[in-house]
Every structure is written in C-alpha cells, then in structure tokens.
Amino acid sequence: MAGLTTTKKRPAGPLAQLGLAVTDGLAFLSFAFVVATISAVALRWILLHPGVSGWDQVQYIDISLKDGLTRRLDGAGALPDSLFNDYRWMPPGTRFLGLPLVSLHHDSNAAFRLLSLLLFVVSILLVFDAGRRMSGIAAAAGAAAMVAVAPIWVRGSEEFMSETALIPALALALWCLVRDAGPHPPRVLSVTMGVALGFGMLAKFSFAPLAAVFLLMLAVASWKRRSWHGCLVTLLVSSLLAWPFYAYNGLRYAAYGRFAVLWPLDEMQG
C-alpha cells in the first residue's frame, strides 16, 4: 500500500555506516537468540512430554486422526463429507494441516506438535522480513522478537491448536500486505494474499473480521493505483477457499464463537 513503507536514510560517513551495521548485526543476533531459545525449549518440551494436555488440543489431534482413518478406509473421496459435516462448529483449517501428517502415517502427538513448532519459526521469520522491508533490520528484529515472546505465540509453538493454522496465516497476510506496498507488486502476491486470508478464516472464525480489514486496506491501495486487479484476485481466492465452508456451517461457527466468548463471563458471574 502506498505510504506503508518508509525510506530509511543511510548515514553518510563511514563511521556512521559502521555503527549502523553493528547495531543491525547485534539486533539480528538478539532476535535469532530469542527465536532459537523459544524453539529449543518448545522442542525439549514436546520430546519430553509426548502426552497431550488440554481438551482442545486432544480434540484437534483426534479429529485429524479421524480424517486420516477416513481416508484410509473410505478413500480420499470421503474426506469432503467429513470436513463439512464432522465437528461442524469449528472451521477445518487445522485439520487441513493435519492431513499430510496422517496421510504419511506420521500421526503421533509429537508429529502434530512439531509441525506447530515449524510453522511458528516460519511465521516469525515472515514477521521479521515484513518489518525489515518497512523499517530496517534493527526495528524488524525488535518487533519480531516482541511478537515471538507473546504468550499466544509461545503456546502455539508447542501445541497443535487452531493457532497452528491461524498464526502462519496472519504472518503471511502481513508479509503480503507489506510486499504489496511497492508500486508494481508481483501478480502472484495477490494469490498468496488470498490464500493467507482464506486459510486464516478456515483456521478460526474470529479471523474473518481481520480478513475484512486486510481487504479494505488492499482496496484503498487499489483505488490509489487505479488498478483493481490484485484486490479482486485476492478476494476471489480467499472466497473460493473459505466461502463453501462458511456458506454451509457459518452460523455454527458464529454460534460457537459467541459461546466461547460468553461462557467464561457466565462462569465468573455464576
């Protein structure tokens, strides 16, 4: 989007340039240390505690295992019916991530959680690269490190939950938005953005309003460029991914989302 990026002036003198290089290097090393530490702790936790804790995580792993069993017994043709009709109150984004694992018979609890760890690292790198394109290495390293230590991201690195699909979708959408800030973004970027937004909506119902915000920002950028091709492609791709499930089960997603918000409040009042 126009106006999203900033042009960073490089210091003129050699000493100033050296100082900037040292600052960038130290910032990047600090960021790498944070990510490596979180990843190492998560990996150790996953390997030392193969059992799954928490009902939600058990539920996501169990339904992924059921999808794998459905594919083996009834064939791939039975999967659409399962994805649309089983666990109809949850969008199936996390189940899509589990399908390759169960198809390859890597269906241990640790395999699902290691996938979460891998996607956590990829997501943090996307956030870092987005920040680097906007404000340079030092600012990007600081921002990405702060995101990495957020409790929801740390938890997402260790558990196979809806965040396993939500976090990379959000990071990819942010990265695409920054890449779109250039005057001539590559056309494939519109497809990638559509995949990110569509998959984000399939990860969690609460992502839908955020997807609308992303689309609004793209629409503003398209209006400034006097070219609507990219925005329309993004809208089309995201709709093709998410709309069939929302058309069929959208009311159930909304009802479950309302329950998830109000239930803790009712418990506190009761």
# chains A, B, ... in the order shown; residues from 1 in each chain; ligands from 1

call {"tool": "select_by_dssp", "arguments": {"residues": "region 40-107 of chain A", "states": "helix (DSSP H, G or I)", "output": "PDB file with N, CA and C atoms, in the first residue's frame"}}
result
ATOM      1  N   ALA A  40      14.102 -24.124  21.032  1.00  0.00           N
ATOM      2  CA  ALA A  40      14.773 -25.202  21.762  1.00  0.00           C
ATOM      3  C   ALA A  40      13.949 -25.648  22.964  1.00  0.00           C
ATOM      4  N   VAL A  41      13.395 -24.679  23.688  1.00  0.00           N
ATOM      5  CA  VAL A  41      12.563 -25.021  24.848  1.00  0.00           C
ATOM      6  C   VAL A  41      11.312 -25.773  24.397  1.00  0.00           C
ATOM      7  N   ALA A  42      10.696 -25.300  23.316  1.00  0.00           N
ATOM      8  CA  ALA A  42       9.494 -25.972  22.807  1.00  0.00           C
ATOM      9  C   ALA A  42       9.823 -27.389  22.348  1.00  0.00           C
ATOM     10  N   LEU A  43      10.943 -27.543  21.646  1.00  0.00           N
ATOM     11  CA  LEU A  43      11.337 -28.866  21.165  1.00  0.00           C
ATOM     12  C   LEU A  43      11.585 -29.818  22.333  1.00  0.00           C
ATOM     13  N   ARG A  44      12.276 -29.332  23.338  1.00  0.00           N
ATOM     14  CA  ARG A  44      12.548 -30.178  24.507  1.00  0.00           C
ATOM     15  C   ARG A  44      11.247 -30.554  25.213  1.00  0.00           C
ATOM     16  N   TRP A  45      10.348 -29.598  25.333  1.00  0.00           N
ATOM     17  CA  TRP A  45       9.068 -29.866  25.990  1.00  0.00           C
ATOM     18  C   TRP A  45       8.271 -30.916  25.216  1.00  0.00           C
ATOM     19  N   ILE A  46       8.255 -30.785  23.895  1.00  0.00           N
ATOM     20  CA  ILE A  46       7.496 -31.729  23.069  1.00  0.00           C
ATOM     21  C   ILE A  46       8.064 -33.141  23.190  1.00  0.00           C
ATOM     22  N   LEU A  47       9.387 -33.249  23.163  1.00  0.00           N
ATOM     23  CA  LEU A  47      10.013 -34.568  23.192  1.00  0.00           C
ATOM     24  C   LEU A  47       9.943 -35.209  24.577  1.00  0.00           C
ATOM     25  N   LEU A  48      10.028 -34.391  25.629  1.00  0.00           N
ATOM     26  CA  LEU A  48       9.995 -34.941  26.985  1.00  0.00           C
ATOM     27  C   LEU A  48       8.577 -35.181  27.484  1.00  0.00           C
ATOM     28  N   TRP A  55      -8.092 -30.270  26.755  1.00  0.00           N
ATOM     29  CA  TRP A  55      -9.151 -30.854  25.946  1.00  0.00           C
ATOM     30  C   TRP A  55      -9.111 -30.354  24.507  1.00  0.00           C
ATOM     31  N   ASP A  56      -8.844 -29.069  24.324  1.00  0.00           N
ATOM     32  CA  ASP A  56      -8.867 -28.513  22.976  1.00  0.00           C
ATOM     33  C   ASP A  56      -7.837 -29.191  22.073  1.00  0.00           C
ATOM     34  N   GLN A  57      -6.619 -29.358  22.588  1.00  0.00           N
ATOM     35  CA  GLN A  57      -5.579 -29.974  21.775  1.00  0.00           C
ATOM     36  C   GLN A  57      -5.911 -31.438  21.476  1.00  0.00           C
ATOM     37  N   VAL A  58      -6.450 -32.140  22.461  1.00  0.00           N
ATOM     38  CA  VAL A  58      -6.880 -33.523  22.228  1.00  0.00           C
ATOM     39  C   VAL A  58      -7.915 -33.569  21.111  1.00  0.00           C
ATOM     40  N   GLN A  59      -8.818 -32.611  21.130  1.00  0.00           N
ATOM     41  CA  GLN A  59      -9.879 -32.579  20.132  1.00  0.00           C
ATOM     42  C   GLN A  59      -9.324 -32.373  18.725  1.00  0.00           C
ATOM     43  N   TYR A  60      -8.381 -31.435  18.581  1.00  0.00           N
ATOM     44  CA  TYR A  60      -7.823 -31.162  17.255  1.00  0.00           C
ATOM     45  C   TYR A  60      -7.020 -32.352  16.732  1.00  0.00           C
ATOM     46  N   ILE A  61      -6.270 -33.004  17.604  1.00  0.00           N
ATOM     47  CA  ILE A  61      -5.489 -34.158  17.164  1.00  0.00           C
ATOM     48  C   ILE A  61      -6.404 -35.331  16.842  1.00  0.00           C
ATOM     49  N   ASP A  62      -7.421 -35.542  17.663  1.00  0.00           N
ATOM     50  CA  ASP A  62      -8.333 -36.667  17.434  1.00  0.00           C
ATOM     51  C   ASP A  62      -9.075 -36.533  16.109  1.00  0.00           C
ATOM     52  N   ILE A  63      -9.544 -35.332  15.795  1.00  0.00           N
ATOM     53  CA  ILE A  63     -10.288 -35.176  14.545  1.00  0.00           C
ATOM     54  C   ILE A  63      -9.354 -35.312  13.346  1.00  0.00           C
ATOM     55  N   SER A  64      -8.090 -34.911  13.505  1.00  0.00           N
ATOM     56  CA  SER A  64      -7.126 -35.121  12.420  1.00  0.00           C
ATOM     57  C   SER A  64      -6.855 -36.608  12.219  1.00  0.00           C
ATOM     58  N   LEU A  65      -6.751 -37.341  13.322  1.00  0.00           N
ATOM     59  CA  LEU A  65      -6.569 -38.792  13.217  1.00  0.00           C
ATOM     60  C   LEU A  65      -7.789 -39.441  12.569  1.00  0.00           C
ATOM     61  N   LYS A  66      -8.960 -38.939  12.895  1.00  0.00           N
ATOM     62  CA  LYS A  66     -10.178 -39.473  12.280  1.00  0.00           C
ATOM     63  C   LYS A  66     -10.188 -39.199  10.776  1.00  0.00           C
ATOM     64  N   ASP A  67      -9.723 -38.014  10.372  1.00  0.00           N
ATOM     65  CA  ASP A  67      -9.639 -37.715   8.939  1.00  0.00           C
ATOM     66  C   ASP A  67      -8.705 -38.698   8.236  1.00  0.00           C
ATOM     67  N   GLY A  68      -7.578 -39.003   8.892  1.00  0.00           N
ATOM     68  CA  GLY A  68      -6.657 -39.967   8.310  1.00  0.00           C
ATOM     69  C   GLY A  68      -7.274 -41.347   8.190  1.00  0.00           C
ATOM     70  N   LEU A  69      -8.024 -41.750   9.219  1.00  0.00           N
ATOM     71  CA  LEU A  69      -8.687 -43.055   9.179  1.00  0.00           C
ATOM     72  C   LEU A  69      -9.757 -43.088   8.091  1.00  0.00           C
ATOM     73  N   THR A  70     -10.481 -41.987   7.938  1.00  0.00           N
ATOM     74  CA  THR A  70     -11.497 -41.908   6.883  1.00  0.00           C
ATOM     75  C   THR A  70     -10.864 -42.065   5.512  1.00  0.00           C
ATOM     76  N   ARG A  71      -9.730 -41.423   5.317  1.00  0.00           N
ATOM     77  CA  ARG A  71      -9.051 -41.514   4.024  1.00  0.00           C
ATOM     78  C   ARG A  71      -8.573 -42.937   3.751  1.00  0.00           C
ATOM     79  N   ARG A  72      -8.054 -43.600   4.772  1.00  0.00           N
ATOM     80  CA  ARG A  72      -7.532 -44.951   4.566  1.00  0.00           C
ATOM     81  C   ARG A  72      -8.646 -45.956   4.313  1.00  0.00           C
ATOM     82  N   LEU A  73      -9.745 -45.821   5.032  1.00  0.00           N
ATOM     83  CA  LEU A  73     -10.810 -46.816   4.925  1.00  0.00           C
ATOM     84  C   LEU A  73     -11.756 -46.543   3.762  1.00  0.00           C
ATOM     85  N   ASP A  74     -12.086 -45.282   3.540  1.00  0.00           N
ATOM     86  CA  ASP A  74     -13.108 -44.938   2.549  1.00  0.00           C
ATOM     87  C   ASP A  74     -12.566 -44.202   1.334  1.00  0.00           C
ATOM     88  N   ALA A  76      -9.999 -40.973  -0.476  1.00  0.00           N
ATOM     89  CA  ALA A  76      -9.954 -39.511  -0.402  1.00  0.00           C
ATOM     90  C   ALA A  76     -11.300 -38.882  -0.736  1.00  0.00           C
ATOM     91  N   GLY A  77     -12.125 -39.575  -1.500  1.00  0.00           N
ATOM     92  CA  GLY A  77     -13.425 -39.026  -1.866  1.00  0.00           C
ATOM     93  C   GLY A  77     -14.356 -38.828  -0.691  1.00  0.00           C
ATOM     94  N   ALA A  78     -14.076 -39.515   0.420  1.00  0.00           N
ATOM     95  CA  ALA A  78     -14.927 -39.372   1.601  1.00  0.00           C
ATOM     96  C   ALA A  78     -14.526 -38.189   2.472  1.00  0.00           C
ATOM     97  N   LEU A  79     -13.358 -37.598   2.199  1.00  0.00           N
ATOM     98  CA  LEU A  79     -12.879 -36.511   3.050  1.00  0.00           C
ATOM     99  C   LEU A  79     -13.752 -35.254   2.987  1.00  0.00           C
ATOM    100  N   PRO A  80     -14.206 -34.813   1.804  1.00  0.00           N
ATOM    101  CA  PRO A  80     -15.046 -33.606   1.799  1.00  0.00           C
ATOM    102  C   PRO A  80     -16.262 -33.721   2.703  1.00  0.00           C
ATOM    103  N   ASP A  81     -16.916 -34.872   2.671  1.00  0.00           N
ATOM    104  CA  ASP A  81     -18.084 -35.052   3.534  1.00  0.00           C
ATOM    105  C   ASP A  81     -17.693 -34.946   5.003  1.00  0.00           C
ATOM    106  N   SER A  82     -16.532 -35.514   5.351  1.00  0.00           N
ATOM    107  CA  SER A  82     -16.068 -35.440   6.733  1.00  0.00           C
ATOM    108  C   SER A  82     -15.714 -34.008   7.126  1.00  0.00           C
ATOM    109  N   LEU A  83     -15.039 -33.292   6.231  1.00  0.00           N
ATOM    110  CA  LEU A  83     -14.618 -31.925   6.541  1.00  0.00           C
ATOM    111  C   LEU A  83     -15.811 -30.987   6.704  1.00  0.00           C
ATOM    112  N   PHE A  84     -16.873 -31.236   5.950  1.00  0.00           N
ATOM    113  CA  PHE A  84     -18.045 -30.367   6.028  1.00  0.00           C
ATOM    114  C   PHE A  84     -18.985 -30.751   7.175  1.00  0.00           C
ATOM    115  N   ASN A  85     -19.055 -32.030   7.509  1.00  0.00           N
ATOM    116  CA  ASN A  85     -20.114 -32.490   8.407  1.00  0.00           C
ATOM    117  C   ASN A  85     -19.647 -32.950   9.781  1.00  0.00           C
ATOM    118  N   GLY A  93      -9.469 -25.469   9.192  1.00  0.00           N
ATOM    119  CA  GLY A  93      -8.105 -25.118   8.798  1.00  0.00           C
ATOM    120  C   GLY A  93      -7.042 -25.988   9.438  1.00  0.00           C
ATOM    121  N   THR A  94      -7.155 -26.216  10.745  1.00  0.00           N
ATOM    122  CA  THR A  94      -6.168 -27.048  11.433  1.00  0.00           C
ATOM    123  C   THR A  94      -6.208 -28.480  10.922  1.00  0.00           C
ATOM    124  N   ARG A  95      -7.378 -28.945  10.552  1.00  0.00           N
ATOM    125  CA  ARG A  95      -7.498 -30.304  10.011  1.00  0.00           C
ATOM    126  C   ARG A  95      -6.786 -30.419   8.669  1.00  0.00           C
ATOM    127  N   PHE A  96      -6.826 -29.360   7.868  1.00  0.00           N
ATOM    128  CA  PHE A  96      -6.095 -29.377   6.597  1.00  0.00           C
ATOM    129  C   PHE A  96      -4.594 -29.535   6.843  1.00  0.00           C
ATOM    130  N   LEU A  97      -4.087 -28.884   7.894  1.00  0.00           N
ATOM    131  CA  LEU A  97      -2.665 -29.022   8.206  1.00  0.00           C
ATOM    132  C   LEU A  97      -2.328 -30.433   8.668  1.00  0.00           C
ATOM    133  N   GLY A  98      -3.263 -31.068   9.346  1.00  0.00           N
ATOM    134  CA  GLY A  98      -3.006 -32.415   9.840  1.00  0.00           C
ATOM    135  C   GLY A  98      -3.081 -33.489   8.774  1.00  0.00           C
ATOM    136  N   LEU A  99      -3.760 -33.204   7.664  1.00  0.00           N
ATOM    137  CA  LEU A  99      -3.951 -34.224   6.631  1.00  0.00           C
ATOM    138  C   LEU A  99      -2.640 -34.777   6.065  1.00  0.00           C
ATOM    139  N   PRO A 100      -1.649 -33.932   5.726  1.00  0.00           N
ATOM    140  CA  PRO A 100      -0.394 -34.516   5.215  1.00  0.00           C
ATOM    141  C   PRO A 100       0.277 -35.449   6.212  1.00  0.00           C
ATOM    142  N   LEU A 101       0.197 -35.119   7.498  1.00  0.00           N
ATOM    143  CA  LEU A 101       0.829 -35.972   8.504  1.00  0.00           C
ATOM    144  C   LEU A 101       0.151 -37.331   8.577  1.00  0.00           C
ATOM    145  N   VAL A 102      -1.168 -37.322   8.666  1.00  0.00           N
ATOM    146  CA  VAL A 102      -1.866 -38.602   8.792  1.00  0.00           C
ATOM    147  C   VAL A 102      -1.803 -39.386   7.483  1.00  0.00           C
ATOM    148  N   SER A 103      -1.701 -38.693   6.356  1.00  0.00           N
ATOM    149  CA  SER A 103      -1.584 -39.395   5.077  1.00  0.00           C
ATOM    150  C   SER A 103      -0.249 -40.116   4.963  1.00  0.00           C
TER     151      SER A 103
END

call {"tool": "residues_around", "arguments": {"residues": "Ala171 (chain A)", "least_positions_apart": "6", "cutoff": "12 Å", "atoms": "only C-alpha atoms", "output": "PDB file with N, CA, C and O atoms, in the first residue's frame"}}
result
ATOM      1  N   LEU A 119       5.943 -24.220  11.981  1.00  0.00           N
ATOM      2  CA  LEU A 119       5.159 -23.097  11.470  1.00  0.00           C
ATOM      3  C   LEU A 119       5.362 -21.842  12.318  1.00  0.00           C
ATOM      4  O   LEU A 119       5.279 -20.722  11.801  1.00  0.00           O
ATOM      5  N   PHE A 120       5.638 -22.019  13.602  1.00  0.00           N
ATOM      6  CA  PHE A 120       5.960 -20.874  14.456  1.00  0.00           C
ATOM      7  C   PHE A 120       7.228 -20.181  13.958  1.00  0.00           C
ATOM      8  O   PHE A 120       7.272 -18.950  13.824  1.00  0.00           O
ATOM      9  N   VAL A 121       8.262 -20.960  13.673  1.00  0.00           N
ATOM     10  CA  VAL A 121       9.524 -20.378  13.202  1.00  0.00           C
ATOM     11  C   VAL A 121       9.318 -19.674  11.861  1.00  0.00           C
ATOM     12  O   VAL A 121       9.793 -18.546  11.655  1.00  0.00           O
ATOM     13  N   VAL A 122       8.599 -20.314  10.953  1.00  0.00           N
ATOM     14  CA  VAL A 122       8.338 -19.697   9.649  1.00  0.00           C
ATOM     15  C   VAL A 122       7.567 -18.391   9.819  1.00  0.00           C
ATOM     16  O   VAL A 122       7.866 -17.378   9.165  1.00  0.00           O
ATOM     17  N   SER A 123       6.594 -18.385  10.711  1.00  0.00           N
ATOM     18  CA  SER A 123       5.779 -17.185  10.930  1.00  0.00           C
ATOM     19  C   SER A 123       6.614 -16.033  11.470  1.00  0.00           C
ATOM     20  O   SER A 123       6.477 -14.883  11.029  1.00  0.00           O
ATOM     21  N   ILE A 124       7.490 -16.324  12.423  1.00  0.00           N
ATOM     22  CA  ILE A 124       8.337 -15.279  12.994  1.00  0.00           C
ATOM     23  C   ILE A 124       9.275 -14.706  11.929  1.00  0.00           C
ATOM     24  O   ILE A 124       9.522 -13.493  11.874  1.00  0.00           O
ATOM     25  N   LEU A 125       9.798 -15.567  11.072  1.00  0.00           N
ATOM     26  CA  LEU A 125      10.672 -15.084  10.001  1.00  0.00           C
ATOM     27  C   LEU A 125       9.908 -14.198   9.018  1.00  0.00           C
ATOM     28  O   LEU A 125      10.453 -13.211   8.505  1.00  0.00           O
ATOM     29  N   LEU A 126       8.650 -14.521   8.764  1.00  0.00           N
ATOM     30  CA  LEU A 126       7.835 -13.670   7.897  1.00  0.00           C
ATOM     31  C   LEU A 126       7.605 -12.300   8.534  1.00  0.00           C
ATOM     32  O   LEU A 126       7.670 -11.266   7.861  1.00  0.00           O
ATOM     33  N   VAL A 127       7.339 -12.294   9.835  1.00  0.00           N
ATOM     34  CA  VAL A 127       7.154 -11.021  10.540  1.00  0.00           C
ATOM     35  C   VAL A 127       8.441 -10.202  10.491  1.00  0.00           C
ATOM     36  O   VAL A 127       8.417  -8.985  10.256  1.00  0.00           O
ATOM     37  N   PHE A 128       9.564 -10.869  10.701  1.00  0.00           N
ATOM     38  CA  PHE A 128      10.847 -10.166  10.650  1.00  0.00           C
ATOM     39  C   PHE A 128      11.084  -9.567   9.265  1.00  0.00           C
ATOM     40  O   PHE A 128      11.489  -8.401   9.138  1.00  0.00           O
ATOM     41  N   ASP A 129      10.840 -10.340   8.219  1.00  0.00           N
ATOM     42  CA  ASP A 129      11.099  -9.839   6.870  1.00  0.00           C
ATOM     43  C   ASP A 129      10.159  -8.688   6.518  1.00  0.00           C
ATOM     44  O   ASP A 129      10.563  -7.739   5.840  1.00  0.00           O
ATOM     45  N   ALA A 130       8.917  -8.763   6.993  1.00  0.00           N
ATOM     46  CA  ALA A 130       7.992  -7.654   6.756  1.00  0.00           C
ATOM     47  C   ALA A 130       8.498  -6.383   7.428  1.00  0.00           C
ATOM     48  O   ALA A 130       8.493  -5.296   6.833  1.00  0.00           O
ATOM     49  N   GLY A 131       8.953  -6.513   8.672  1.00  0.00           N
ATOM     50  CA  GLY A 131       9.492  -5.351   9.369  1.00  0.00           C
ATOM     51  C   GLY A 131      10.760  -4.828   8.730  1.00  0.00           C
ATOM     52  O   GLY A 131      10.984  -3.609   8.663  1.00  0.00           O
ATOM     53  N   ALA A 144       9.885  -8.300  15.812  1.00  0.00           N
ATOM     54  CA  ALA A 144       9.658  -9.739  15.673  1.00  0.00           C
ATOM     55  C   ALA A 144       9.952 -10.474  16.977  1.00  0.00           C
ATOM     56  O   ALA A 144       9.268 -11.443  17.326  1.00  0.00           O
ATOM     57  N   VAL A 147       7.012 -10.069  19.233  1.00  0.00           N
ATOM     58  CA  VAL A 147       5.926 -10.954  18.805  1.00  0.00           C
ATOM     59  C   VAL A 147       6.224 -12.391  19.222  1.00  0.00           C
ATOM     60  O   VAL A 147       5.342 -13.126  19.684  1.00  0.00           O
ATOM     61  N   ALA A 148       7.478 -12.803  19.082  1.00  0.00           N
ATOM     62  CA  ALA A 148       7.845 -14.191  19.366  1.00  0.00           C
ATOM     63  C   ALA A 148       7.616 -14.569  20.822  1.00  0.00           C
ATOM     64  O   ALA A 148       7.292 -15.723  21.121  1.00  0.00           O
ATOM     65  N   TRP A 153       1.849 -16.887  21.029  1.00  0.00           N
ATOM     66  CA  TRP A 153       2.780 -17.428  20.040  1.00  0.00           C
ATOM     67  C   TRP A 153       3.648 -18.518  20.658  1.00  0.00           C
ATOM     68  O   TRP A 153       3.925 -19.535  20.017  1.00  0.00           O
ATOM     69  N   GLU A 163      -4.377 -22.153  16.634  1.00  0.00           N
ATOM     70  CA  GLU A 163      -3.282 -21.204  16.397  1.00  0.00           C
ATOM     71  C   GLU A 163      -2.228 -21.765  15.453  1.00  0.00           C
ATOM     72  O   GLU A 163      -1.486 -21.001  14.835  1.00  0.00           O
ATOM     73  N   THR A 164      -2.142 -23.089  15.348  1.00  0.00           N
ATOM     74  CA  THR A 164      -1.193 -23.695  14.418  1.00  0.00           C
ATOM     75  C   THR A 164      -1.462 -23.243  12.992  1.00  0.00           C
ATOM     76  O   THR A 164      -0.531 -23.061  12.201  1.00  0.00           O
ATOM     77  N   ALA A 165      -2.723 -23.046  12.659  1.00  0.00           N
ATOM     78  CA  ALA A 165      -3.088 -22.546  11.336  1.00  0.00           C
ATOM     79  C   ALA A 165      -3.249 -21.032  11.318  1.00  0.00           C
ATOM     80  O   ALA A 165      -2.941 -20.374  10.322  1.00  0.00           O
ATOM     81  N   LEU A 177       0.942  -7.919   2.705  1.00  0.00           N
ATOM     82  CA  LEU A 177       0.496  -6.526   2.739  1.00  0.00           C
ATOM     83  C   LEU A 177       1.679  -5.577   2.588  1.00  0.00           C
ATOM     84  O   LEU A 177       1.597  -4.567   1.879  1.00  0.00           O
ATOM     85  N   VAL A 178       2.785  -5.907   3.245  1.00  0.00           N
ATOM     86  CA  VAL A 178       3.983  -5.071   3.128  1.00  0.00           C
ATOM     87  C   VAL A 178       4.564  -5.169   1.722  1.00  0.00           C
ATOM     88  O   VAL A 178       4.961  -4.162   1.124  1.00  0.00           O
ATOM     89  N   THR A 192      -1.263 -15.236  -3.281  1.00  0.00           N
ATOM     90  CA  THR A 192      -0.727 -15.606  -1.969  1.00  0.00           C
ATOM     91  C   THR A 192      -1.511 -14.943  -0.848  1.00  0.00           C
ATOM     92  O   THR A 192      -1.822 -15.567   0.170  1.00  0.00           O
ATOM     93  N   MET A 193      -1.835 -13.676  -1.036  1.00  0.00           N
ATOM     94  CA  MET A 193      -2.627 -12.967  -0.038  1.00  0.00           C
ATOM     95  C   MET A 193      -4.010 -13.600   0.102  1.00  0.00           C
ATOM     96  O   MET A 193      -4.534 -13.754   1.214  1.00  0.00           O
ATOM     97  N   ALA A 196      -3.677 -16.702   2.153  1.00  0.00           N
ATOM     98  CA  ALA A 196      -3.474 -16.382   3.566  1.00  0.00           C
ATOM     99  C   ALA A 196      -4.789 -15.986   4.237  1.00  0.00           C
ATOM    100  O   ALA A 196      -5.112 -16.468   5.333  1.00  0.00           O
ATOM    101  N   LEU A 197      -5.559 -15.122   3.592  1.00  0.00           N
ATOM    102  CA  LEU A 197      -6.818 -14.674   4.190  1.00  0.00           C
ATOM    103  C   LEU A 197      -7.846 -15.803   4.233  1.00  0.00           C
ATOM    104  O   LEU A 197      -8.550 -15.978   5.237  1.00  0.00           O
ATOM    105  N   PHE A 199      -7.258 -19.052   4.267  1.00  0.00           N
ATOM    106  CA  PHE A 199      -6.861 -20.069   5.234  1.00  0.00           C
ATOM    107  C   PHE A 199      -6.993 -19.550   6.659  1.00  0.00           C
ATOM    108  O   PHE A 199      -7.305 -20.313   7.575  1.00  0.00           O
ATOM    109  N   GLY A 200      -6.759 -18.246   6.847  1.00  0.00           N
ATOM    110  CA  GLY A 200      -6.964 -17.676   8.173  1.00  0.00           C
ATOM    111  C   GLY A 200      -8.409 -17.810   8.623  1.00  0.00           C
ATOM    112  O   GLY A 200      -8.687 -18.136   9.782  1.00  0.00           O
TER     113      GLY A 200
END

call {"tool": "residues_around", "arguments": {"residues": "Val188 (chain A)", "least_positions_apart": "4", "cutoff": "12 Å", "atoms": "only C-alpha atoms", "output": "PyMOL selection string"}}
result
chain A and resi 176+179-180+184+192-195+229-231+233-234+237

call {"tool": "atom_distance", "arguments": {"atom1": "CA of Ala21 (chain A)", "atom2": "CA of Arg132 (chain A)"}}
result
13.8 Å

call {"tool": "closest_residue", "arguments": {"among": "A:Pro50, A:Leu15, A:Ala203, A:Pro209", "to": "Ala242 (chain A)", "atoms": "only C-alpha atoms"}}
result
A:Ala203

call {"tool": "residues_around", "arguments": {"residues": "Ala254 (chain A)", "least_positions_apart": "4", "cutoff": "9 Å", "atoms": "only C-alpha atoms", "output": "list of chain:residue names"}}
result
A:Trp89, A:Phe205, A:Ser206, A:Asn249, A:Gly250, A:Arg258, A:Phe259

call {"tool": "atom_distance", "arguments": {"atom1": "CA of Leu172 (chain A)", "atom2": "CA of Asp24 (chain A)"}}
result
23.6 Å

call {"tool": "atom_distance", "arguments": {"atom1": "CA of Leu18 (chain A)", "atom2": "CA of Phe33 (chain A)"}}
result
22.3 Å

call {"tool": "decode", "arguments": {"residues": "region 198-220 of chain A", "atoms": "C-alpha atoms", "output": "mmCIF file, in the first residue's frame"}}
result
data_model
loop_
_atom_site.group_PDB
_atom_site.id
_atom_site.type_symbol
_atom_site.label_atom_id
_atom_site.label_comp_id
_atom_site.auth_asym_id
_atom_site.auth_seq_id
_atom_site.Cartn_x
_atom_site.Cartn_y
_atom_site.Cartn_z
ATOM 1 C CA GLY A 198 -8.878 -17.673 3.132
ATOM 2 C CA PHE A 199 -6.861 -20.069 5.234
ATOM 3 C CA GLY A 200 -6.964 -17.676 8.173
ATOM 4 C CA MET A 201 -10.759 -17.735 8.052
ATOM 5 C CA LEU A 202 -10.622 -21.525 7.927
ATOM 6 C CA ALA A 203 -8.351 -21.506 10.968
ATOM 7 C CA LYS A 204 -10.630 -19.528 13.253
ATOM 8 C CA PHE A 205 -13.932 -17.715 12.910
ATOM 9 C CA SER A 206 -12.532 -14.653 14.694
ATOM 10 C CA PHE A 207 -10.122 -14.113 11.781
ATOM 11 C CA ALA A 208 -12.992 -13.145 9.467
ATOM 12 C CA PRO A 209 -13.257 -9.507 10.675
ATOM 13 C CA LEU A 210 -9.485 -9.162 10.403
ATOM 14 C CA ALA A 211 -9.615 -10.509 6.856
ATOM 15 C CA ALA A 212 -12.147 -7.790 6.061
ATOM 16 C CA VAL A 213 -9.692 -5.177 7.370
ATOM 17 C CA PHE A 214 -6.916 -6.569 5.169
ATOM 18 C CA LEU A 215 -9.223 -6.489 2.148
ATOM 19 C CA LEU A 216 -10.218 -2.904 2.929
ATOM 20 C CA MET A 217 -6.554 -1.869 3.037
ATOM 21 C CA LEU A 218 -5.960 -3.603 -0.285
ATOM 22 C CA ALA A 219 -8.993 -1.837 -1.727
ATOM 23 C CA VAL A 220 -7.608 1.547 -0.665
#
